[in-house]
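Below you'll find the structure, written out as structure tokens, and then a few comments.
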Amino acid sequence: MTRTLLTILLCPLLAAALIALFGRSRGRLSAGISILSAAAQMALTLRLLFGGWDGLPFSDSIRWMTLGSLNLDMGFYFNDMSALLLMVVTVVGFLIHVFAFGYSDHDKCRGRFFGGLSLFMFSMTGIVVSGNLFMMFVFWELVGFCSYMLIGHYLSAEASSAAKKAFIVNRVGDFGFLIGIIWCFWQFGTVNLADLPAAMSASPAAAGTLTAIGLLLFCGVLGKSAQMPLHVWLPDAMAGPTPVSALIHAATMVAAGVYLLGRVQFIFTPDALNVILAVGLVTALYSAICAFGQTDIKKILAYSTLSQLGFMVSAFALVGGMEGAASSQFHLTTHAFFKALLFLGAGSVIHASHHEQDIYKMGGLWKKMPLTFATFLVATLAIAGLPYLSGFFSKDAILLLAWHNSPAAFYTLVFASLLTATYMGRIIFVAFLGKPRSEAAEHAHESRIDMVLPLLVLAVMAVLGGYTGLYPEALSHYLHQHVPHAEGSEHTMILLISAALSLGGMLIAFLLYYRPDAKADTVQRRLPALFALLKGKLWFDELYLFYVNGIQQRLANVAAFLEQVLIQGFCVRGSGGVSGLIGVALRRAHTGRLNTYLYWFAAGVLIFWIYSSGVL
């Protein structure tokens, strides 16, 4: 088991090393190495899940470093939760690699691109199988670096700015995450995931301490899973290549935060869960509203991702424990299928439309790209929660949890679900139906087979991903055991609500947005002030810029001055520093200009007169 997990982990690292050594200037070779690595990962994972693993938790570790009483281990902790995410990462990752081969055909930096993808696959796999929180944090930071590298792949000012923003915002959350890990070790003496529950039972901590540790660990979720108020980086990250958006910002990296919640679900107290629930609900509703203010197809999908992540976080916080963790993981899985399909479908459209991303410069694409349209429609209906597609089953579980535990959460999520169906219907009726609104849309054509084939496979998964009986036996048992299932009258109620929300939202989108020749948004034309408010995203970016430039930078300037003058000049250098400062001042007095010396002479005469007259 250890050997298999180690091979799955190291395959993409080996690919990244080979690309760095031999493939940086050979795009096709690099792509081939990276795709073969992803295929090997997927094959080994499926072989493990369908036959080589008995479903029992497995842990193995070796001592990496000893610092006093601190022992750092490197090893694996593999259970049903990690098995589920490993399947998602490797299967969806492989399909995105195949799509990226055609998408990057004209990319001059293809080698660097696929090297980054392989390094990301290594880092994300490391998060999934890590045996302790310190090891997870190492891979957590590697994932952040890969995200920075891949978002900034295109050498443009927008991409560079987005990459820096993603990196910096994630560091804010990761700072709290690291403090939480250190406090957890200090309190319980271990951060090994297999040993931590027993250690918590052996030395119980006060409820306030546990709440603080849980919320600090949740800071990592705020960053990686882009929950408010650290959500601002994800929409801007759409400046990166579309396969990167699908792999990192829809299917895997942003899921790491939700996975972390499930991995340490035994730490969170009811007070911590209440805070997490509030954050998840606000994120789900806010992001769904903001999606209506975007016309860039990728940014609409980005806000959709934010909203669905809010659903997952809310699902976990509604009950906590294994039930909440499994429900959020189930929606994470189905979301990976249909959201990866949506992003790749958007990439197919952008590629065929000469890199046009504004939906109001598209139109009529269903005739030009029938396969892309059909698969995109399937994904749209799945995310809208149409009964018996994958999204219905996972949302069904979340709504059922909310119905039983929090009426306020239930109605908030119902409204967010209606908005989801509406803004996704907006893409269908504006971008795919109607008439072509630009020359690029007029001359669009279906993408090549290596780009369409992943769409077809993901479409099948978007339809069948909710039927857990098709999963490996251990995963099927895990989901059946812990994910709530509505029965009887509750099943009928949830079924009717889901049908009403999905079909009702699509109907609203049709009535509001279907204008075959319209070249501007309906809300923008009729209610420009409201559209400006939605497009401004409640001005979070402007508030952060004001804080950074108006407050933080000024405090940094003051601190830098005090550091140079007081600490370096006086405390460190002592009298030598004071003499140096006096020397600097005197040196500035000698300018070589006659008028300056006249001023100094006049000032000296004035001071001498004041002193001699007895005023001082």
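In the structure tokens, each chain is lettered A, B, ... as it comes, each chain's residues begin at 1, and ligands are numbered from 1 in order of appearance.
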
**Request:** From a DSSP calculation on the backbone, collect every residue of stretch 107-155 of chain A in alpha helix (DSSP H) and output the set as a PyMOL selection string.
**Result:** chain A and resi 110-129+133-151

**Request:** With a distance cut-off of 10 Å and only C-alpha atoms, select the neighbouring residues of stretch 407-414 of chain A, excluding the residue or stretch itself and same-chain residues fewer than 6 positions from it, and output the selection as an MDAnalysis selection string.
**Result:** chainID A and resid 277:278 280:282 284:285 307 310:311 314:315 318 395 398:401 420 497:498 501

Residues as selected, N, CA and C atoms, written as a PDB file, in the first residue's frame, can you do that?
ATOM      1  N   LEU A 277     -20.638  28.123   9.354  1.00  0.00           N
ATOM      2  CA  LEU A 277     -21.915  28.116   8.627  1.00  0.00           C
ATOM      3  C   LEU A 277     -22.258  29.508   8.122  1.00  0.00           C
ATOM      4  N   ALA A 278     -22.074  30.515   8.953  1.00  0.00           N
ATOM      5  CA  ALA A 278     -22.366  31.884   8.527  1.00  0.00           C
ATOM      6  C   ALA A 278     -21.504  32.285   7.336  1.00  0.00           C
ATOM      7  N   GLY A 280     -20.097  30.271   5.113  1.00  0.00           N
ATOM      8  CA  GLY A 280     -20.519  29.513   3.937  1.00  0.00           C
ATOM      9  C   GLY A 280     -21.789  30.052   3.315  1.00  0.00           C
ATOM     10  N   LEU A 281     -22.775  30.394   4.139  1.00  0.00           N
ATOM     11  CA  LEU A 281     -24.045  30.910   3.609  1.00  0.00           C
ATOM     12  C   LEU A 281     -23.866  32.269   2.945  1.00  0.00           C
ATOM     13  N   VAL A 282     -23.104  33.139   3.572  1.00  0.00           N
ATOM     14  CA  VAL A 282     -22.871  34.463   2.980  1.00  0.00           C
ATOM     15  C   VAL A 282     -22.126  34.337   1.661  1.00  0.00           C
ATOM     16  N   ALA A 284     -22.087  31.724  -0.403  1.00  0.00           N
ATOM     17  CA  ALA A 284     -22.964  31.118  -1.404  1.00  0.00           C
ATOM     18  C   ALA A 284     -23.914  32.138  -2.001  1.00  0.00           C
ATOM     19  N   LEU A 285     -24.508  32.979  -1.148  1.00  0.00           N
ATOM     20  CA  LEU A 285     -25.500  33.942  -1.636  1.00  0.00           C
ATOM     21  C   LEU A 285     -24.832  35.124  -2.338  1.00  0.00           C
ATOM     22  N   SER A 307     -19.832  30.236  -5.175  1.00  0.00           N
ATOM     23  CA  SER A 307     -21.131  29.934  -4.584  1.00  0.00           C
ATOM     24  C   SER A 307     -21.232  28.461  -4.190  1.00  0.00           C
ATOM     25  N   GLY A 310     -19.387  27.696  -1.167  1.00  0.00           N
ATOM     26  CA  GLY A 310     -20.190  28.096  -0.013  1.00  0.00           C
ATOM     27  C   GLY A 310     -21.192  27.021   0.376  1.00  0.00           C
ATOM     28  N   PHE A 311     -21.777  26.346  -0.623  1.00  0.00           N
ATOM     29  CA  PHE A 311     -22.668  25.217  -0.348  1.00  0.00           C
ATOM     30  C   PHE A 311     -21.932  24.121   0.410  1.00  0.00           C
ATOM     31  N   SER A 314     -21.116  25.167   3.972  1.00  0.00           N
ATOM     32  CA  SER A 314     -22.358  25.162   4.755  1.00  0.00           C
ATOM     33  C   SER A 314     -22.782  23.744   5.096  1.00  0.00           C
ATOM     34  N   ALA A 315     -22.656  22.832   4.131  1.00  0.00           N
ATOM     35  CA  ALA A 315     -23.035  21.436   4.370  1.00  0.00           C
ATOM     36  C   ALA A 315     -22.235  20.853   5.527  1.00  0.00           C
ATOM     37  N   LEU A 318     -23.361  22.494   8.999  1.00  0.00           N
ATOM     38  CA  LEU A 318     -24.727  22.270   9.481  1.00  0.00           C
ATOM     39  C   LEU A 318     -24.780  21.228  10.597  1.00  0.00           C
ATOM     40  N   LYS A 395     -26.905  18.145  -3.943  1.00  0.00           N
ATOM     41  CA  LYS A 395     -27.650  19.267  -3.378  1.00  0.00           C
ATOM     42  C   LYS A 395     -28.827  18.781  -2.544  1.00  0.00           C
ATOM     43  N   ILE A 398     -27.599  18.261   0.884  1.00  0.00           N
ATOM     44  CA  ILE A 398     -27.331  19.520   1.596  1.00  0.00           C
ATOM     45  C   ILE A 398     -28.632  20.180   2.021  1.00  0.00           C
ATOM     46  N   LEU A 399     -29.612  20.238   1.128  1.00  0.00           N
ATOM     47  CA  LEU A 399     -30.904  20.846   1.469  1.00  0.00           C
ATOM     48  C   LEU A 399     -31.600  20.058   2.574  1.00  0.00           C
ATOM     49  N   LEU A 400     -31.439  18.741   2.551  1.00  0.00           N
ATOM     50  CA  LEU A 400     -32.046  17.922   3.589  1.00  0.00           C
ATOM     51  C   LEU A 400     -31.411  18.213   4.952  1.00  0.00           C
ATOM     52  N   LEU A 401     -30.083  18.339   4.985  1.00  0.00           N
ATOM     53  CA  LEU A 401     -29.404  18.715   6.229  1.00  0.00           C
ATOM     54  C   LEU A 401     -29.891  20.069   6.727  1.00  0.00           C
ATOM     55  N   THR A 420     -28.522  30.184  -9.042  1.00  0.00           N
ATOM     56  CA  THR A 420     -27.587  29.363  -9.816  1.00  0.00           C
ATOM     57  C   THR A 420     -28.196  28.963 -11.150  1.00  0.00           C
ATOM     58  N   ILE A 497     -38.932  20.555  -4.993  1.00  0.00           N
ATOM     59  CA  ILE A 497     -38.192  21.811  -4.814  1.00  0.00           C
ATOM     60  C   ILE A 497     -37.063  21.905  -5.833  1.00  0.00           C
ATOM     61  N   SER A 498     -36.308  20.818  -6.008  1.00  0.00           N
ATOM     62  CA  SER A 498     -35.191  20.835  -6.962  1.00  0.00           C
ATOM     63  C   SER A 498     -35.680  21.071  -8.392  1.00  0.00           C
ATOM     64  N   LEU A 501     -36.758  24.723  -8.690  1.00  0.00           N
ATOM     65  CA  LEU A 501     -35.629  25.656  -8.693  1.00  0.00           C
ATOM     66  C   LEU A 501     -34.880  25.611 -10.019  1.00  0.00           C
TER      67      LEU A 501
END

**Item:** Selection near A:Tyr513, 7 Å with only C-alpha atoms, sequence-local residues under 6 positions removed, as a ChimeraX atom specification
**Value:** /A:426,429-430,522

Any idea what's packed within 9 Å of A:Pro197, counting only C-alpha atoms, ignoring anything in its chain fewer than 5 positions away? Could you give it as a PDB file with C-alpha atoms, in the first residue's frame?
ATOM      1  CA  ALA A 202      -6.323  11.740  26.537  1.00  0.00           C
ATOM      2  CA  PHE A 266     -13.333  16.123  15.118  1.00  0.00           C
ATOM      3  CA  ILE A 267     -11.739  19.446  16.183  1.00  0.00           C
TER       4      ILE A 267
END

Each residue of stretch 272-339 of chain A with at least one atom at most 9 Å from stretch 382-392 of chain A should appear once, together with its nearest atom pair and the corresponding distance in Å (one decimal); atoms considered: only C-alpha atoms; ordering: chain, then increasing residue number; output as a tab-separated table.
residue	atom	partner	partner_atom	distance
A:Gln308	CA	A:Ile383	CA	8.9
A:His331	CA	A:Gly391	CA	7.3
A:Thr334	CA	A:Ser390	CA	5.9
A:His335	CA	A:Gly391	CA	7.0
A:Phe337	CA	A:Ser390	CA	8.7
A:Phe338	CA	A:Ala382	CA	6.7
A:Lys339	CA	A:Ile383	CA	7.7

Could you give me, as a PDB file with N, CA, C and O atoms, in the first residue's frame, the residues within 8 Å of stretch 240-247 of chain A, counting only C-alpha atoms and dropping anything in the same chain fewer than 4 positions from it?
ATOM      1  N   VAL A  92     -10.239  13.554 -13.067  1.00  0.00           N
ATOM      2  CA  VAL A  92     -10.510  14.858 -13.673  1.00  0.00           C
ATOM      3  C   VAL A  92      -9.214  15.495 -14.150  1.00  0.00           C
ATOM      4  O   VAL A  92      -9.174  16.131 -15.214  1.00  0.00           O
ATOM      5  N   GLY A  93      -8.148  15.318 -13.381  1.00  0.00           N
ATOM      6  CA  GLY A  93      -6.860  15.878 -13.796  1.00  0.00           C
ATOM      7  C   GLY A  93      -6.388  15.319 -15.120  1.00  0.00           C
ATOM      8  O   GLY A  93      -5.878  16.047 -15.977  1.00  0.00           O
ATOM      9  N   ILE A  96      -8.424  16.818 -18.007  1.00  0.00           N
ATOM     10  CA  ILE A  96      -8.027  18.211 -18.262  1.00  0.00           C
ATOM     11  C   ILE A  96      -6.680  18.261 -18.966  1.00  0.00           C
ATOM     12  O   ILE A  96      -6.452  19.114 -19.841  1.00  0.00           O
ATOM     13  N   HIS A  97      -5.779  17.348 -18.634  1.00  0.00           N
ATOM     14  CA  HIS A  97      -4.498  17.275 -19.347  1.00  0.00           C
ATOM     15  C   HIS A  97      -4.715  16.997 -20.831  1.00  0.00           C
ATOM     16  O   HIS A  97      -4.056  17.602 -21.694  1.00  0.00           O
ATOM     17  N   PHE A  99      -7.409  17.643 -22.631  1.00  0.00           N
ATOM     18  CA  PHE A  99      -7.970  18.854 -23.234  1.00  0.00           C
ATOM     19  C   PHE A  99      -6.885  19.909 -23.443  1.00  0.00           C
ATOM     20  O   PHE A  99      -6.845  20.585 -24.480  1.00  0.00           O
ATOM     21  N   ALA A 100      -5.996  20.058 -22.452  1.00  0.00           N
ATOM     22  CA  ALA A 100      -4.955  21.083 -22.531  1.00  0.00           C
ATOM     23  C   ALA A 100      -3.995  20.830 -23.687  1.00  0.00           C
ATOM     24  O   ALA A 100      -3.391  21.786 -24.207  1.00  0.00           O
ATOM     25  N   TYR A 103      -5.675  22.578 -26.500  1.00  0.00           N
ATOM     26  CA  TYR A 103      -5.869  23.994 -26.196  1.00  0.00           C
ATOM     27  C   TYR A 103      -4.566  24.782 -26.292  1.00  0.00           C
ATOM     28  O   TYR A 103      -4.554  25.942 -26.690  1.00  0.00           O
ATOM     29  N   LEU A 117       1.655  22.035 -14.657  1.00  0.00           N
ATOM     30  CA  LEU A 117       0.526  21.139 -14.393  1.00  0.00           C
ATOM     31  C   LEU A 117       0.976  19.884 -13.631  1.00  0.00           C
ATOM     32  O   LEU A 117       0.313  19.444 -12.683  1.00  0.00           O
ATOM     33  N   LEU A 150       0.944  29.118 -12.584  1.00  0.00           N
ATOM     34  CA  LEU A 150       0.056  28.807 -13.705  1.00  0.00           C
ATOM     35  C   LEU A 150      -0.903  29.954 -14.017  1.00  0.00           C
ATOM     36  O   LEU A 150      -1.245  30.177 -15.176  1.00  0.00           O
ATOM     37  N   ILE A 151      -1.362  30.682 -12.997  1.00  0.00           N
ATOM     38  CA  ILE A 151      -2.208  31.849 -13.273  1.00  0.00           C
ATOM     39  C   ILE A 151      -1.427  32.874 -14.076  1.00  0.00           C
ATOM     40  O   ILE A 151      -1.956  33.504 -15.000  1.00  0.00           O
ATOM     41  N   GLY A 152      -0.161  33.054 -13.748  1.00  0.00           N
ATOM     42  CA  GLY A 152       0.669  34.038 -14.449  1.00  0.00           C
ATOM     43  C   GLY A 152       1.358  33.479 -15.676  1.00  0.00           C
ATOM     44  O   GLY A 152       2.359  34.055 -16.132  1.00  0.00           O
ATOM     45  N   HIS A 153       0.839  32.375 -16.234  1.00  0.00           N
ATOM     46  CA  HIS A 153       1.501  31.753 -17.388  1.00  0.00           C
ATOM     47  C   HIS A 153       1.564  32.698 -18.579  1.00  0.00           C
ATOM     48  O   HIS A 153       2.607  32.817 -19.235  1.00  0.00           O
ATOM     49  N   TYR A 154       0.452  33.356 -18.867  1.00  0.00           N
ATOM     50  CA  TYR A 154       0.465  34.336 -19.961  1.00  0.00           C
ATOM     51  C   TYR A 154       1.223  35.575 -19.497  1.00  0.00           C
ATOM     52  O   TYR A 154       0.942  36.126 -18.428  1.00  0.00           O
ATOM     53  N   ALA A 159      -2.504  39.019 -16.063  1.00  0.00           N
ATOM     54  CA  ALA A 159      -2.177  37.710 -15.509  1.00  0.00           C
ATOM     55  C   ALA A 159      -1.166  37.835 -14.369  1.00  0.00           C
ATOM     56  O   ALA A 159      -1.283  37.152 -13.341  1.00  0.00           O
ATOM     57  N   ALA A 251     -12.002  22.205  -9.894  1.00  0.00           N
ATOM     58  CA  ALA A 251     -12.114  20.789  -9.549  1.00  0.00           C
ATOM     59  C   ALA A 251     -11.242  20.371  -8.369  1.00  0.00           C
ATOM     60  O   ALA A 251     -11.639  19.504  -7.596  1.00  0.00           O
ATOM     61  N   THR A 252     -10.064  20.957  -8.201  1.00  0.00           N
ATOM     62  CA  THR A 252      -9.142  20.367  -7.215  1.00  0.00           C
ATOM     63  C   THR A 252      -8.643  21.362  -6.164  1.00  0.00           C
ATOM     64  O   THR A 252      -8.975  21.228  -4.992  1.00  0.00           O
ATOM     65  N   MET A 253      -7.879  22.385  -6.552  1.00  0.00           N
ATOM     66  CA  MET A 253      -7.221  23.196  -5.537  1.00  0.00           C
ATOM     67  C   MET A 253      -8.218  23.846  -4.585  1.00  0.00           C
ATOM     68  O   MET A 253      -8.036  23.813  -3.361  1.00  0.00           O
ATOM     69  N   LYS A 339     -18.369  21.097 -13.011  1.00  0.00           N
ATOM     70  CA  LYS A 339     -17.713  22.400 -13.127  1.00  0.00           C
ATOM     71  C   LYS A 339     -16.474  22.311 -14.016  1.00  0.00           C
ATOM     72  O   LYS A 339     -16.180  23.245 -14.779  1.00  0.00           O
ATOM     73  N   ALA A 340     -15.735  21.194 -13.962  1.00  0.00           N
ATOM     74  CA  ALA A 340     -14.638  21.004 -14.911  1.00  0.00           C
ATOM     75  C   ALA A 340     -15.182  20.997 -16.334  1.00  0.00           C
ATOM     76  O   ALA A 340     -14.578  21.578 -17.248  1.00  0.00           O
ATOM     77  N   LEU A 341     -16.333  20.360 -16.530  1.00  0.00           N
ATOM     78  CA  LEU A 341     -16.960  20.337 -17.852  1.00  0.00           C
ATOM     79  C   LEU A 341     -17.363  21.737 -18.289  1.00  0.00           C
ATOM     80  O   LEU A 341     -17.171  22.111 -19.465  1.00  0.00           O
ATOM     81  N   PHE A 343     -15.986  24.620 -17.390  1.00  0.00           N
ATOM     82  CA  PHE A 343     -14.799  25.412 -17.718  1.00  0.00           C
ATOM     83  C   PHE A 343     -14.162  24.938 -19.029  1.00  0.00           C
ATOM     84  O   PHE A 343     -13.733  25.765 -19.848  1.00  0.00           O
ATOM     85  N   LEU A 344     -14.104  23.628 -19.227  1.00  0.00           N
ATOM     86  CA  LEU A 344     -13.539  23.142 -20.481  1.00  0.00           C
ATOM     87  C   LEU A 344     -14.446  23.491 -21.650  1.00  0.00           C
ATOM     88  O   LEU A 344     -13.964  23.801 -22.753  1.00  0.00           O
ATOM     89  N   ALA A 346     -16.298  26.178 -21.750  1.00  0.00           N
ATOM     90  CA  ALA A 346     -16.005  27.597 -21.977  1.00  0.00           C
ATOM     91  C   ALA A 346     -14.682  27.756 -22.718  1.00  0.00           C
ATOM     92  O   ALA A 346     -14.553  28.607 -23.614  1.00  0.00           O
ATOM     93  N   GLY A 347     -13.691  26.915 -22.369  1.00  0.00           N
ATOM     94  CA  GLY A 347     -12.413  26.974 -23.080  1.00  0.00           C
ATOM     95  C   GLY A 347     -12.568  26.600 -24.533  1.00  0.00           C
ATOM     96  O   GLY A 347     -11.929  27.203 -25.414  1.00  0.00           O
TER      97      GLY A 347
END

Using 8 Å as the limit and counting only C-alpha atoms, can you tabulate each residue of stretch 79-198 of chain A that touches stretch 452-476 of chain A, with its shortest atom-to-atom distance in Å and the two atoms involved, as a tab-separated table?
residue	atom	partner	partner_atom	distance
A:Asp80	CA	A:Leu475	CA	6.0
A:Ala83	CA	A:Leu475	CA	7.5
A:Leu84	CA	A:Leu475	CA	6.5
A:Leu95	CA	A:Pro454	CA	5.3
A:Ile96	CA	A:Pro454	CA	7.2
A:Val98	CA	A:Pro454	CA	7.0
A:Phe99	CA	A:Pro454	CA	6.2

**Request:** Would you mind listing what lies within 10 Å of stretch 207-221 of chain A as a ChimeraX atom specification, with only C-alpha atoms counted and same-chain residues fewer than 2 positions away left out?
**Result:** /A:133,137,140,170-184,187,200,204-205,223-227,230,254-261,264-273,275-276,313

**Request:** Name the residues in contact with A:Pro516 at a cut-off of 9 Å, using only C-alpha atoms, excluding same-chain residues fewer than 6 positions from it; report them as number ranges by chain.
**Result:** A: 363-364, 429-430, 433-437

**Item:** atom CA of A:Val523 to atom CA of A:Ser161, distance in Å rounded to a single decimal
**Value:**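 So the answer is 29.6 Å.
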
**Request:** For atom CA of A:Phe316 and atom CA of A:Val88, quote the distance in Å rounded to one decimal.
**Result:**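 Separation of atom CA of A:Phe316 and atom CA of A:Val88: 18.9 Å.
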